[in-house]
Amino acid sequence: MPEEISETNENESGGSALNFLERIIEEDIRDNVYHRSVHTRFPPEPNGYLHIGSLYAININHGAAKRFGGVFNLRFDDTNPLKEDMEYVGAIIEDMKWAGYDPGENIFFGSDYFETIYELTINLIENGQAFVCDLSPDELRESRGTLTTPGVNSPYRNRSVEENLKLFEGMKNGLYNPGEKVLRAKIDMASANINMRDPTIYRVLNADHYRSGDKWRVYPMYDYAHPIQDAIEGITHSMCSFEFKDHRPLYEWVLNALSFAFPEPPKQREFGRMNITGAITGKRYLRQLVSQGYADGWDDPRLPTVKGLRRRGFTVESIHDFLGEIGVARDNSTVDISMLENSLRKDLKPKAKTVMAVLDPLPVEIINYPEGADEWVEVENNAENPELGIRKLPFSRNLLVEREDFMEVPEKGFRRLFPGNEVRLKGAYFIKCEEVLKDDNGAAVKLLCTYDPATKSGGSFTERKVKATLHWLDAARTLPARVNLYGRLLLNENITGEEPNWPRLVDPASLIVMENARMEESLSAALPEDKFQFIRHGYFVCDIHSKPEEKLVFNRIVALKDTKKKG
RNA sequence: UGGGUUGUCGCCAAGCGGUAAGGCACAGGACUUUGACUCCUGCAUUCGCAAGUUCGAAUCUUGCCAGCCCAGCCA
């Protein structure tokens with residue numbers, strides 16, 4: 001028995017208005033169309049890893065089931081043994097669990113229905129609704145016609161039921177080679193919808209299936225298998241993406257032809273695909289990036305895969321928030337990546353520990369601070385959430401500040417460090433820039449500053465104010481660190497030493513943008529130029545699972561689809 | 001020259017005959033031990049365009065225009 005999704009856990013799609021798909025379901029419930037509870041499914045082909053677009057599709061189906069107290073299935077749509085692999089089923093289940101869409105016991109495989117589908121197909125043939133066709137792939141393509149001209153009937157279209165039965169059995173028993181014979185639905189070669197022009201529903205494949213092994217030589221096509229799989233599982237609403245809209249008549253034709261077996265057939269309904277600016281979705285391209293080494297793996301933080309997003313520091317909560325925020329599109333949409341980032345920020349702000357880290361260090365020497373001395377200053381881990389406590393940072397004569405926080409000749413409005421100016425070091429003291437040491441090229445290599453002991457953070461000093469506060473590190477006690485979105489590099493490892501596992505890092509100071517020419521070049525080589533154009537900037541992101549010494553500085557792998565066309 | 005589908009602010013997106021929600025982004029201002037955060041304020045007299053129906057339309061009708069999808073023995 002499938003488990004029903006509890007209505008009490010989590011809050012995805014809870015409370016908000018129904019989207020247009022959910023409205024359809026609501027009507028069906030009202031009209032008593034189904035004498036069973038709402039039942040949805042997510043049917044990935046195990047040929048790649050899940051990405052943010054998959055999560056969007058999962059959320060729509062899973063969310064609808066939850067909303068109406070229904071059931072949700074994960075079903076591997078594995079009817080093409082040439083492309084599928086067990087590696088992916090494990091990864092998909094793992095990612096779904098992580099993302100909060102645990103299918104529980106409701107995990108199915110389309111390939112488990114091969115036998116049933118085969119038997120139903122015998123009925124189809126007996127009813128004269130399918131025939132074995134000997135046309136070669138090329139001949140078949142030609143006879144199909146074009147978008148504007150009708151196709152012509154196959155010369156094999158009128159074979160007798162007996163002959164079809166015999167030939168189909170022969171196909172099943174491996175008597176024919178791939179390409180020699182296919183089974184086709186007998187519909188209408190003149191249909192304006194090309195999917196209805198006697199579509200192929202079974203093909204011969206001399207390939208072992210990752211689950212059914214060498215049992216089958218004949219495999220059903222997606223268009224034929226999918227409606228049957230849905231029906232077998234008792235799915236009521238089969239929600240898929242837009243490109244299948246034209247396939248709906250065929251989906252319905254199949255279930256109608258098999259109505260003796262499925263009296264209350266599921267409905268296919270479609271939603272627009274979701275794209276994110278600057279992110280490559282589409283398993284085909286992701287696979288290319290991974291297999292050709294442009295990405296370090298499916299979990300490369302630059303990728304919008306679930307594993308990539310996870311390594312990059314995105315939380316489940318932020319992803320759910322994002323998905324709820326963008327809604328369900330009727331047509332393809334491209335959501336600005338800033339919406340995803342906003343959801344992360346929203347989630348992390350109150351619960352993540354904040355740390356200081358210096359990305360591009362500029363040494364500072366406090367010339368009036370005793371040589372060899374040091375002290376520990378206290379900084380709150382999260383300015384707005386005291387529950388996260390405080391940490392102690394070492395402070396001494398030699399420090400590091402952000403290079404961009406200093407200007408020898410301050411431009412108008414600059415209020416950070418410049419000769420003669422005083423600023424506060426977060427959690428520590430006021431310091432004043434007294435002298436700039438430069439290299440032969442005139443670039444600053446070190447700032448000589450003085451500090452005022454009276455201005456120690458937490459004290460009652462009010463005599464003068466500074467216009468800026470800077471983040472800083474003790475020069476001798478820093479470590480390359482993992483950096484998150486909005487984080488910074490060189491993190492001080494000596495944060496009291498209490499946290500073996502690093503918290504997600506959030507430095508509200510700034511969002512860092514950089515260029516990465518090398519990545520741009522490799523992407524250009526990897527992907528077709530006419531379809532993609534590369535943007536120049538990405539964000540620093542972090543890998544909270546990697547080792548500190550890796551010192552990661554990532555750019556997003558980015559591409560904007562079809563930007564040339566749109567100008 | 002076919003069929004399907006969509007068109008509400010730069011991006012998502014409510015709205016479903018009663019006189020344009022919200023979020024992101026952006027711009028001003030206040031606040032500030034990071035120029036961040038937070039808080040205020042601004043941001044579609046208009047809903048692809050044009051006619052029509054109506055007291056009244058983004059919502060109904062007609063025509064036009066634009067985008068996206070479809071010719072795998074892929075899913």
# chains A, B, ... in the order shown; residues from 1 in each chain; ligands from 1
>>> interface_residues(of="chain A", to="chain B", cutoff="6 Å", atoms="only C-alpha atoms (C1' of nucleotides)", output="list in words")
Thr146, Leu147, Thr148, Gly179, Ala192, Asn193, Arg203, Glu243, Ile326, Asp331, Val335, Asp336, Met339, Lys426, Thr469, Leu470, Pro508 and Ala509 of chain A
>>> write_last_selection(atoms="C-alpha atoms", output="mmCIF file, in the first residue's frame")
data_model
loop_
_atom_site.group_PDB
_atom_site.id
_atom_site.type_symbol
_atom_site.label_atom_id
_atom_site.label_comp_id
_atom_site.auth_asym_id
_atom_site.auth_seq_id
_atom_site.Cartn_x
_atom_site.Cartn_y
_atom_site.Cartn_z
ATOM 1 C CA THR A 146 6.401 17.062 -42.528
ATOM 2 C CA LEU A 147 4.928 19.698 -40.291
ATOM 3 C CA THR A 148 2.847 20.937 -43.170
ATOM 4 C CA GLY A 179 15.837 -1.183 -37.010
ATOM 5 C CA ALA A 192 -1.883 17.582 -37.967
ATOM 6 C CA ASN A 193 -0.251 16.341 -34.796
ATOM 7 C CA ARG A 203 11.263 -1.106 -30.826
ATOM 8 C CA GLU A 243 7.128 19.929 -24.425
ATOM 9 C CA ILE A 326 8.378 31.473 -8.237
ATOM 10 C CA ASP A 331 4.838 28.785 -20.256
ATOM 11 C CA VAL A 335 13.815 33.241 -13.195
ATOM 12 C CA ASP A 336 16.527 35.623 -12.130
ATOM 13 C CA MET A 339 15.618 35.252 -6.421
ATOM 14 C CA LYS A 426 35.093 45.066 13.986
ATOM 15 C CA THR A 469 34.062 49.466 10.416
ATOM 16 C CA LEU A 470 36.326 46.934 8.777
ATOM 17 C CA PRO A 508 26.987 40.217 5.077
ATOM 18 C CA ALA A 509 29.654 42.649 4.035
#
>>> residues_around(residues="B:U62", least_positions_apart="4", cutoff="12 Å", atoms="only C-alpha atoms (C1' of nucleotides)", output="JSON, numbers by chain")
{"B": [50, 51, 52, 53]}
>>> write_last_selection(atoms="N, CA and C atoms (P, O5', C5', C4', C3', O3' and C1' of nucleotides)", output="short mmCIF file (atom, residue, chain, number, x, y, z; two decimals), in the first residue's frame")
data_model
loop_
_atom_site.label_atom_id
_atom_site.label_comp_id
_atom_site.auth_asym_id
_atom_site.auth_seq_id
_atom_site.Cartn_x
_atom_site.Cartn_y
_atom_site.Cartn_z
P A B 50 -3.26 49.85 -29.41
"O5'" A B 50 -4.26 49.35 -30.55
"C5'" A B 50 -4.02 49.68 -31.92
"C4'" A B 50 -5.13 49.13 -32.77
"C3'" A B 50 -6.53 49.42 -32.25
"O3'" A B 50 -6.94 50.73 -32.57
"C1'" A B 50 -6.38 47.17 -32.95
P A B 51 -8.29 51.30 -31.91
"O5'" A B 51 -9.36 50.74 -32.93
"C5'" A B 51 -10.70 50.66 -32.54
"C4'" A B 51 -11.40 49.60 -33.34
"C3'" A B 51 -12.71 49.18 -32.73
"O3'" A B 51 -13.74 50.07 -33.09
"C1'" A B 51 -11.44 47.26 -33.15
P G B 52 -14.67 50.64 -31.91
"O5'" G B 52 -15.56 49.37 -31.55
"C5'" G B 52 -16.31 48.75 -32.58
"C4'" G B 52 -16.80 47.40 -32.10
"C3'" G B 52 -17.65 47.40 -30.84
"O3'" G B 52 -18.98 47.79 -31.10
"C1'" G B 52 -16.09 45.62 -30.77
P U B 53 -19.88 48.41 -29.93
"O5'" U B 53 -20.15 47.15 -29.00
"C5'" U B 53 -20.96 46.07 -29.45
"C4'" U B 53 -21.14 45.08 -28.33
"C3'" U B 53 -21.56 45.69 -27.01
"O3'" U B 53 -22.98 45.92 -26.97
"C1'" U B 53 -19.79 44.17 -26.65
#
>>> select_by_dssp(residues="stretch 163-263 of chain A", states="strand (DSSP E)", output="PyMOL selection string")
chain A and resi 182-185+200-204+218-220+237-241
>>> residues_around(residues="A:Glu233", least_positions_apart="4", cutoff="9 Å", atoms="only C-alpha atoms (C1' of nucleotides)", output="ChimeraX atom specification")
/A:39,73,108,228-229
>>> write_last_selection(atoms="C-alpha atoms", output="PDB file, in the first residue's frame")
ATOM      1  CA  HIS A  39      -2.059  10.523  -6.826  1.00  0.00           C
ATOM      2  CA  ASN A  73       5.346   8.232  -6.301  1.00  0.00           C
ATOM      3  CA  PHE A 108       8.774   2.229  -8.569  1.00  0.00           C
ATOM      4  CA  ILE A 228       0.281   2.767 -18.917  1.00  0.00           C
ATOM      5  CA  GLN A 229       2.770   3.161 -16.099  1.00  0.00           C
TER       6      GLN A 229
END
>>> atom_distance(atom1="atom CA of A:Val218", atom2="atom CA of A:Leu205")
5.8 Å
>>> closest_residue(among="B:C16, B:C40, B:C9, B:A21", to="B:C60", atoms="only C-alpha atoms (C1' of nucleotides)")
B:C16
>>> residues_around(residues="A:Leu124", least_positions_apart="3", cutoff="12 Å", atoms="only C-alpha atoms (C1' of nucleotides)", output="short mmCIF file (atom, residue, chain, number, x, y, z; two decimals) with N, CA and C atoms, in the first residue's frame")
data_model
loop_
_atom_site.label_atom_id
_atom_site.label_comp_id
_atom_site.auth_asym_id
_atom_site.auth_seq_id
_atom_site.Cartn_x
_atom_site.Cartn_y
_atom_site.Cartn_z
N ILE A 117 2.83 -4.46 -19.64
CA ILE A 117 2.70 -3.66 -20.85
C ILE A 117 2.67 -4.57 -22.08
N TYR A 118 3.48 -5.59 -22.02
CA TYR A 118 3.52 -6.52 -23.15
C TYR A 118 2.17 -7.19 -23.33
N GLU A 119 1.61 -7.61 -22.22
CA GLU A 119 0.30 -8.29 -22.29
C GLU A 119 -0.79 -7.36 -22.80
N LEU A 120 -0.76 -6.15 -22.35
CA LEU A 120 -1.76 -5.18 -22.81
C LEU A 120 -1.60 -4.93 -24.31
N THR A 121 -0.36 -5.00 -24.73
CA THR A 121 -0.09 -4.76 -26.15
C THR A 121 -0.68 -5.86 -27.03
N ASN A 127 -7.05 -6.06 -31.11
CA ASN A 127 -8.13 -5.12 -31.45
C ASN A 127 -7.85 -4.36 -32.74
N GLY A 128 -6.78 -4.73 -33.38
CA GLY A 128 -6.44 -4.08 -34.64
C GLY A 128 -5.94 -2.65 -34.48
N GLN A 129 -5.41 -2.33 -33.29
CA GLN A 129 -4.97 -0.95 -33.08
C GLN A 129 -3.45 -0.77 -33.13
N ALA A 130 -2.77 -1.84 -33.48
CA ALA A 130 -1.32 -1.73 -33.63
C ALA A 130 -0.87 -2.73 -34.69
N PHE A 131 0.23 -2.39 -35.35
CA PHE A 131 0.72 -3.29 -36.39
C PHE A 131 2.24 -3.28 -36.43
N VAL A 132 2.79 -4.36 -36.90
CA VAL A 132 4.24 -4.45 -37.02
C VAL A 132 4.62 -3.83 -38.36
N VAL A 161 -4.25 -9.55 -38.02
CA VAL A 161 -4.00 -9.63 -36.59
C VAL A 161 -3.06 -10.80 -36.30
N ASN A 164 0.49 -9.97 -37.27
CA ASN A 164 1.05 -8.99 -36.32
C ASN A 164 1.42 -9.66 -35.00
N LEU A 165 0.54 -10.51 -34.55
CA LEU A 165 0.80 -11.21 -33.29
C LEU A 165 2.07 -12.05 -33.40
N PHE A 168 5.20 -9.78 -33.77
CA PHE A 168 5.52 -9.09 -32.52
C PHE A 168 6.18 -10.07 -31.55
N LEU A 183 6.79 -1.91 -33.67
CA LEU A 183 5.35 -2.00 -33.53
C LEU A 183 4.83 -0.57 -33.51
N ARG A 184 3.79 -0.34 -34.31
CA ARG A 184 3.24 1.01 -34.37
C ARG A 184 1.77 1.03 -34.02
N ALA A 185 1.36 2.14 -33.41
CA ALA A 185 -0.06 2.30 -33.11
C ALA A 185 -0.73 2.72 -34.40
N LYS A 186 -1.91 2.21 -34.65
CA LYS A 186 -2.62 2.55 -35.88
C LYS A 186 -3.55 3.71 -35.58
N ILE A 201 5.55 2.36 -31.02
CA ILE A 201 5.31 2.14 -29.59
C ILE A 201 6.23 1.06 -28.99
N TYR A 224 4.20 5.46 -25.22
CA TYR A 224 3.29 4.35 -25.02
C TYR A 224 3.35 3.84 -23.58
N TRP A 253 -5.06 8.58 -26.16
CA TRP A 253 -5.40 7.52 -27.12
C TRP A 253 -5.04 6.15 -26.53
N VAL A 254 -3.86 6.06 -25.98
CA VAL A 254 -3.40 4.80 -25.41
C VAL A 254 -4.33 4.33 -24.30
N LEU A 255 -4.65 5.24 -23.39
CA LEU A 255 -5.49 4.84 -22.27
C LEU A 255 -6.92 4.54 -22.71
N ASN A 256 -7.32 5.20 -23.77
CA ASN A 256 -8.65 4.93 -24.28
C ASN A 256 -8.69 3.54 -24.93
N ALA A 257 -7.64 3.23 -25.65
CA ALA A 257 -7.56 1.92 -26.29
C ALA A 257 -7.51 0.81 -25.24
N LEU A 258 -6.99 1.18 -24.05
CA LEU A 258 -6.85 0.20 -22.99
C LEU A 258 -7.89 0.42 -21.88
N SER A 259 -8.98 1.07 -22.23
CA SER A 259 -9.95 1.46 -21.21
C SER A 259 -10.56 0.28 -20.47
N PHE A 260 -10.51 -0.88 -21.10
CA PHE A 260 -11.05 -2.06 -20.41
C PHE A 260 -10.24 -2.36 -19.16
N ALA A 261 -8.97 -1.96 -19.19
CA ALA A 261 -8.11 -2.21 -18.04
C ALA A 261 -8.07 -1.03 -17.07
#
>>> residues_around(residues="stretch 345-347 of chain A", least_positions_apart="5", cutoff="8 Å", atoms="only C-alpha atoms (C1' of nucleotides)", output="MDAnalysis selection string")
chainID A and resid 315 317:318
>>> write_last_selection(atoms="N, CA and C atoms", output="short mmCIF file (atom, residue, chain, number, x, y, z; two decimals), in the first residue's frame")
data_model
loop_
_atom_site.label_atom_id
_atom_site.label_comp_id
_atom_site.auth_asym_id
_atom_site.auth_seq_id
_atom_site.Cartn_x
_atom_site.Cartn_y
_atom_site.Cartn_z
N THR A 315 20.49 25.73 1.32
CA THR A 315 19.78 24.91 2.29
C THR A 315 18.48 24.40 1.68
N GLU A 317 15.63 24.52 3.08
CA GLU A 317 14.64 25.55 3.35
C GLU A 317 14.66 26.64 2.29
N SER A 318 15.85 27.05 1.92
CA SER A 318 15.94 28.13 0.94
C SER A 318 15.42 27.68 -0.42
#
>>> atom_distance(atom1="atom CA of A:Tyr285", atom2="atom CA of A:Ser111")
25.9 Å
>>> closest_residue(among="B:G29, B:G10, B:G17, B:G56", to="B:G42", atoms="only C-alpha atoms (C1' of nucleotides)")
B:G29
>>> atom_distance(atom1="atom CA of A:Ala383", atom2="atom CA of A:Glu365")
27.6 Å
>>> residues_around(residues="A:Pro265", least_positions_apart="4", cutoff="9 Å", atoms="only C-alpha atoms (C1' of nucleotides)", output="ChimeraX atom specification")
/A:34,227,230-231,234-236,252,255-256,259
>>> residues_around(residues="A:Pro419", least_positions_apart="6", cutoff="9 Å", atoms="only C-alpha atoms (C1' of nucleotides)", output="list in words")
Phe406, Met407, Glu408, Val409, Pro410, Lys432, Cys433, Glu434, Glu435, Val436 and Leu447 of chain A
>>> write_last_selection(atoms="all heavy atoms", output="compact mmCIF listing (two decimals), in the first residue's frame")
# COMPACT_ATOMS: atom_id res chain seq x y z
N PHE A 406 41.13 49.92 1.52
CA PHE A 406 42.14 50.98 1.65
C PHE A 406 42.34 51.71 0.32
O PHE A 406 42.36 51.09 -0.74
CB PHE A 406 43.49 50.37 2.07
CG PHE A 406 44.63 51.34 1.96
CD1 PHE A 406 44.80 52.35 2.91
CD2 PHE A 406 45.51 51.27 0.87
CE1 PHE A 406 45.84 53.26 2.79
CE2 PHE A 406 46.55 52.20 0.75
CZ PHE A 406 46.72 53.19 1.71
N MET A 407 42.46 53.01 0.39
CA MET A 407 42.78 53.81 -0.80
C MET A 407 43.79 54.85 -0.38
O MET A 407 43.55 55.63 0.54
CB MET A 407 41.53 54.52 -1.33
CG MET A 407 40.57 53.62 -2.08
SD MET A 407 39.26 54.58 -2.87
CE MET A 407 39.86 54.63 -4.54
N GLU A 408 44.92 54.85 -1.05
CA GLU A 408 45.93 55.83 -0.68
C GLU A 408 45.43 57.24 -0.94
O GLU A 408 45.63 58.16 -0.15
CB GLU A 408 47.23 55.58 -1.45
CG GLU A 408 48.33 56.47 -0.90
CD GLU A 408 49.68 56.22 -1.55
OE1 GLU A 408 49.73 55.44 -2.53
OE2 GLU A 408 50.66 56.83 -1.09
N VAL A 409 44.79 57.39 -2.09
CA VAL A 409 44.17 58.67 -2.40
C VAL A 409 42.67 58.41 -2.46
O VAL A 409 42.18 57.89 -3.45
CB VAL A 409 44.66 59.21 -3.77
CG1 VAL A 409 44.04 60.58 -4.02
CG2 VAL A 409 46.18 59.28 -3.77
N PRO A 410 41.99 58.72 -1.38
CA PRO A 410 40.56 58.39 -1.32
C PRO A 410 39.73 59.15 -2.34
O PRO A 410 39.92 60.34 -2.54
CB PRO A 410 40.17 58.79 0.11
CG PRO A 410 41.15 59.86 0.47
CD PRO A 410 42.43 59.46 -0.19
N LYS A 432 44.26 54.06 13.08
CA LYS A 432 44.45 55.21 12.20
C LYS A 432 45.64 54.92 11.30
O LYS A 432 46.68 54.47 11.75
CB LYS A 432 44.72 56.43 13.06
CG LYS A 432 44.83 57.73 12.29
CD LYS A 432 45.06 58.85 13.29
CE LYS A 432 44.99 60.21 12.64
NZ LYS A 432 45.22 61.26 13.66
N CYS A 433 45.46 55.18 10.04
CA CYS A 433 46.54 54.93 9.09
C CYS A 433 47.57 56.05 9.16
O CYS A 433 47.25 57.21 8.92
CB CYS A 433 45.98 54.83 7.68
SG CYS A 433 47.25 54.53 6.44
N GLU A 434 48.81 55.68 9.51
CA GLU A 434 49.86 56.70 9.65
C GLU A 434 50.80 56.73 8.46
O GLU A 434 51.29 57.78 8.06
CB GLU A 434 50.70 56.43 10.90
CG GLU A 434 49.89 56.25 12.18
CD GLU A 434 49.32 57.58 12.69
OE1 GLU A 434 49.62 58.63 12.10
OE2 GLU A 434 48.58 57.54 13.69
N GLU A 435 51.04 55.57 7.89
CA GLU A 435 52.02 55.53 6.80
C GLU A 435 51.77 54.33 5.87
O GLU A 435 51.31 53.28 6.32
CB GLU A 435 53.42 55.41 7.40
CG GLU A 435 54.53 55.65 6.40
CD GLU A 435 55.93 55.50 7.03
OE1 GLU A 435 56.03 55.50 8.27
OE2 GLU A 435 56.90 55.34 6.26
N VAL A 436 52.11 54.53 4.61
CA VAL A 436 51.89 53.46 3.64
C VAL A 436 53.23 52.99 3.11
O VAL A 436 54.03 53.79 2.63
CB VAL A 436 51.06 53.98 2.45
CG1 VAL A 436 50.77 52.84 1.47
CG2 VAL A 436 49.78 54.63 2.94
N LEU A 447 50.41 48.70 5.68
CA LEU A 447 49.99 49.97 6.28
C LEU A 447 50.50 50.00 7.70
O LEU A 447 50.41 49.02 8.43
CB LEU A 447 48.46 50.07 6.31
CG LEU A 447 47.74 49.88 4.98
CD1 LEU A 447 46.23 50.05 5.21
CD2 LEU A 447 48.23 50.86 3.93
>>> decode(residues="stretch 281-290 of chain A", atoms="all heavy atoms", output="PDB file, in the first residue's frame")
ATOM      1  N   THR A 281      20.802  24.203 -17.251  1.00  0.00           N
ATOM      2  CA  THR A 281      20.039  23.042 -16.834  1.00  0.00           C
ATOM      3  C   THR A 281      19.969  22.179 -18.086  1.00  0.00           C
ATOM      4  O   THR A 281      20.580  22.481 -19.072  1.00  0.00           O
ATOM      5  CB  THR A 281      18.633  23.423 -16.327  1.00  0.00           C
ATOM      6  OG1 THR A 281      18.049  24.292 -17.274  1.00  0.00           O
ATOM      7  CG2 THR A 281      18.709  24.108 -14.995  1.00  0.00           C
ATOM      8  N   GLY A 282      19.219  21.137 -18.031  1.00  0.00           N
ATOM      9  CA  GLY A 282      19.239  20.267 -19.207  1.00  0.00           C
ATOM     10  C   GLY A 282      20.301  19.227 -18.969  1.00  0.00           C
ATOM     11  O   GLY A 282      21.500  19.508 -18.979  1.00  0.00           O
ATOM     12  N   LYS A 283      19.865  18.005 -18.719  1.00  0.00           N
ATOM     13  CA  LYS A 283      20.804  16.942 -18.387  1.00  0.00           C
ATOM     14  C   LYS A 283      21.854  16.747 -19.461  1.00  0.00           C
ATOM     15  O   LYS A 283      22.993  16.412 -19.181  1.00  0.00           O
ATOM     16  CB  LYS A 283      20.026  15.633 -18.204  1.00  0.00           C
ATOM     17  CG  LYS A 283      19.290  15.523 -16.895  1.00  0.00           C
ATOM     18  CD  LYS A 283      18.819  14.081 -16.714  1.00  0.00           C
ATOM     19  CE  LYS A 283      17.465  14.019 -16.022  1.00  0.00           C
ATOM     20  NZ  LYS A 283      16.864  12.687 -16.137  1.00  0.00           N
ATOM     21  N   ARG A 284      21.445  16.953 -20.702  1.00  0.00           N
ATOM     22  CA  ARG A 284      22.370  16.727 -21.801  1.00  0.00           C
ATOM     23  C   ARG A 284      23.631  17.592 -21.669  1.00  0.00           C
ATOM     24  O   ARG A 284      24.753  17.118 -21.805  1.00  0.00           O
ATOM     25  CB  ARG A 284      21.655  17.065 -23.117  1.00  0.00           C
ATOM     26  CG  ARG A 284      22.448  16.734 -24.329  1.00  0.00           C
ATOM     27  CD  ARG A 284      21.713  17.193 -25.583  1.00  0.00           C
ATOM     28  NE  ARG A 284      22.679  17.604 -26.588  1.00  0.00           N
ATOM     29  CZ  ARG A 284      22.389  18.437 -27.572  1.00  0.00           C
ATOM     30  NH1 ARG A 284      21.179  18.952 -27.678  1.00  0.00           N
ATOM     31  NH2 ARG A 284      23.307  18.780 -28.454  1.00  0.00           N
ATOM     32  N   TYR A 285      23.433  18.853 -21.368  1.00  0.00           N
ATOM     33  CA  TYR A 285      24.577  19.749 -21.253  1.00  0.00           C
ATOM     34  C   TYR A 285      25.346  19.519 -19.960  1.00  0.00           C
ATOM     35  O   TYR A 285      26.564  19.633 -19.917  1.00  0.00           O
ATOM     36  CB  TYR A 285      24.120  21.204 -21.349  1.00  0.00           C
ATOM     37  CG  TYR A 285      23.591  21.538 -22.717  1.00  0.00           C
ATOM     38  CD1 TYR A 285      22.272  21.879 -22.928  1.00  0.00           C
ATOM     39  CD2 TYR A 285      24.446  21.465 -23.829  1.00  0.00           C
ATOM     40  CE1 TYR A 285      21.790  22.161 -24.199  1.00  0.00           C
ATOM     41  CE2 TYR A 285      23.985  21.745 -25.105  1.00  0.00           C
ATOM     42  CZ  TYR A 285      22.649  22.083 -25.291  1.00  0.00           C
ATOM     43  OH  TYR A 285      22.187  22.358 -26.539  1.00  0.00           O
ATOM     44  N   LEU A 286      24.596  19.209 -18.916  1.00  0.00           N
ATOM     45  CA  LEU A 286      25.272  18.940 -17.652  1.00  0.00           C
ATOM     46  C   LEU A 286      26.174  17.721 -17.801  1.00  0.00           C
ATOM     47  O   LEU A 286      27.315  17.710 -17.350  1.00  0.00           O
ATOM     48  CB  LEU A 286      24.241  18.695 -16.547  1.00  0.00           C
ATOM     49  CG  LEU A 286      23.453  19.931 -16.109  1.00  0.00           C
ATOM     50  CD1 LEU A 286      22.334  19.547 -15.160  1.00  0.00           C
ATOM     51  CD2 LEU A 286      24.367  20.938 -15.448  1.00  0.00           C
ATOM     52  N   ARG A 287      25.639  16.712 -18.486  1.00  0.00           N
ATOM     53  CA  ARG A 287      26.421  15.490 -18.661  1.00  0.00           C
ATOM     54  C   ARG A 287      27.686  15.797 -19.463  1.00  0.00           C
ATOM     55  O   ARG A 287      28.771  15.298 -19.191  1.00  0.00           O
ATOM     56  CB  ARG A 287      25.589  14.424 -19.377  1.00  0.00           C
ATOM     57  CG  ARG A 287      26.192  13.032 -19.255  1.00  0.00           C
ATOM     58  CD  ARG A 287      25.292  11.963 -19.876  1.00  0.00           C
ATOM     59  NE  ARG A 287      23.922  12.064 -19.432  1.00  0.00           N
ATOM     60  CZ  ARG A 287      22.903  12.434 -20.215  1.00  0.00           C
ATOM     61  NH1 ARG A 287      23.121  12.754 -21.474  1.00  0.00           N
ATOM     62  NH2 ARG A 287      21.691  12.496 -19.751  1.00  0.00           N
ATOM     63  N   GLN A 288      27.523  16.648 -20.444  1.00  0.00           N
ATOM     64  CA  GLN A 288      28.653  17.033 -21.281  1.00  0.00           C
ATOM     65  C   GLN A 288      29.734  17.739 -20.447  1.00  0.00           C
ATOM     66  O   GLN A 288      30.920  17.452 -20.577  1.00  0.00           O
ATOM     67  CB  GLN A 288      28.130  17.995 -22.351  1.00  0.00           C
ATOM     68  CG  GLN A 288      28.878  17.935 -23.660  1.00  0.00           C
ATOM     69  CD  GLN A 288      28.178  18.782 -24.726  1.00  0.00           C
ATOM     70  OE1 GLN A 288      26.963  18.957 -24.679  1.00  0.00           O
ATOM     71  NE2 GLN A 288      28.933  19.310 -25.648  1.00  0.00           N
ATOM     72  N   LEU A 289      29.310  18.648 -19.614  1.00  0.00           N
ATOM     73  CA  LEU A 289      30.264  19.375 -18.780  1.00  0.00           C
ATOM     74  C   LEU A 289      31.002  18.442 -17.835  1.00  0.00           C
ATOM     75  O   LEU A 289      32.196  18.586 -17.605  1.00  0.00           O
ATOM     76  CB  LEU A 289      29.534  20.444 -17.957  1.00  0.00           C
ATOM     77  CG  LEU A 289      29.026  21.640 -18.753  1.00  0.00           C
ATOM     78  CD1 LEU A 289      28.058  22.457 -17.909  1.00  0.00           C
ATOM     79  CD2 LEU A 289      30.201  22.510 -19.183  1.00  0.00           C
ATOM     80  N   VAL A 290      30.275  17.484 -17.320  1.00  0.00           N
ATOM     81  CA  VAL A 290      30.889  16.553 -16.381  1.00  0.00           C
ATOM     82  C   VAL A 290      31.801  15.566 -17.109  1.00  0.00           C
ATOM     83  O   VAL A 290      32.963  15.380 -16.746  1.00  0.00           O
ATOM     84  CB  VAL A 290      29.813  15.776 -15.585  1.00  0.00           C
ATOM     85  CG1 VAL A 290      30.458  14.694 -14.730  1.00  0.00           C
ATOM     86  CG2 VAL A 290      29.020  16.740 -14.703  1.00  0.00           C
TER      87      VAL A 290
END
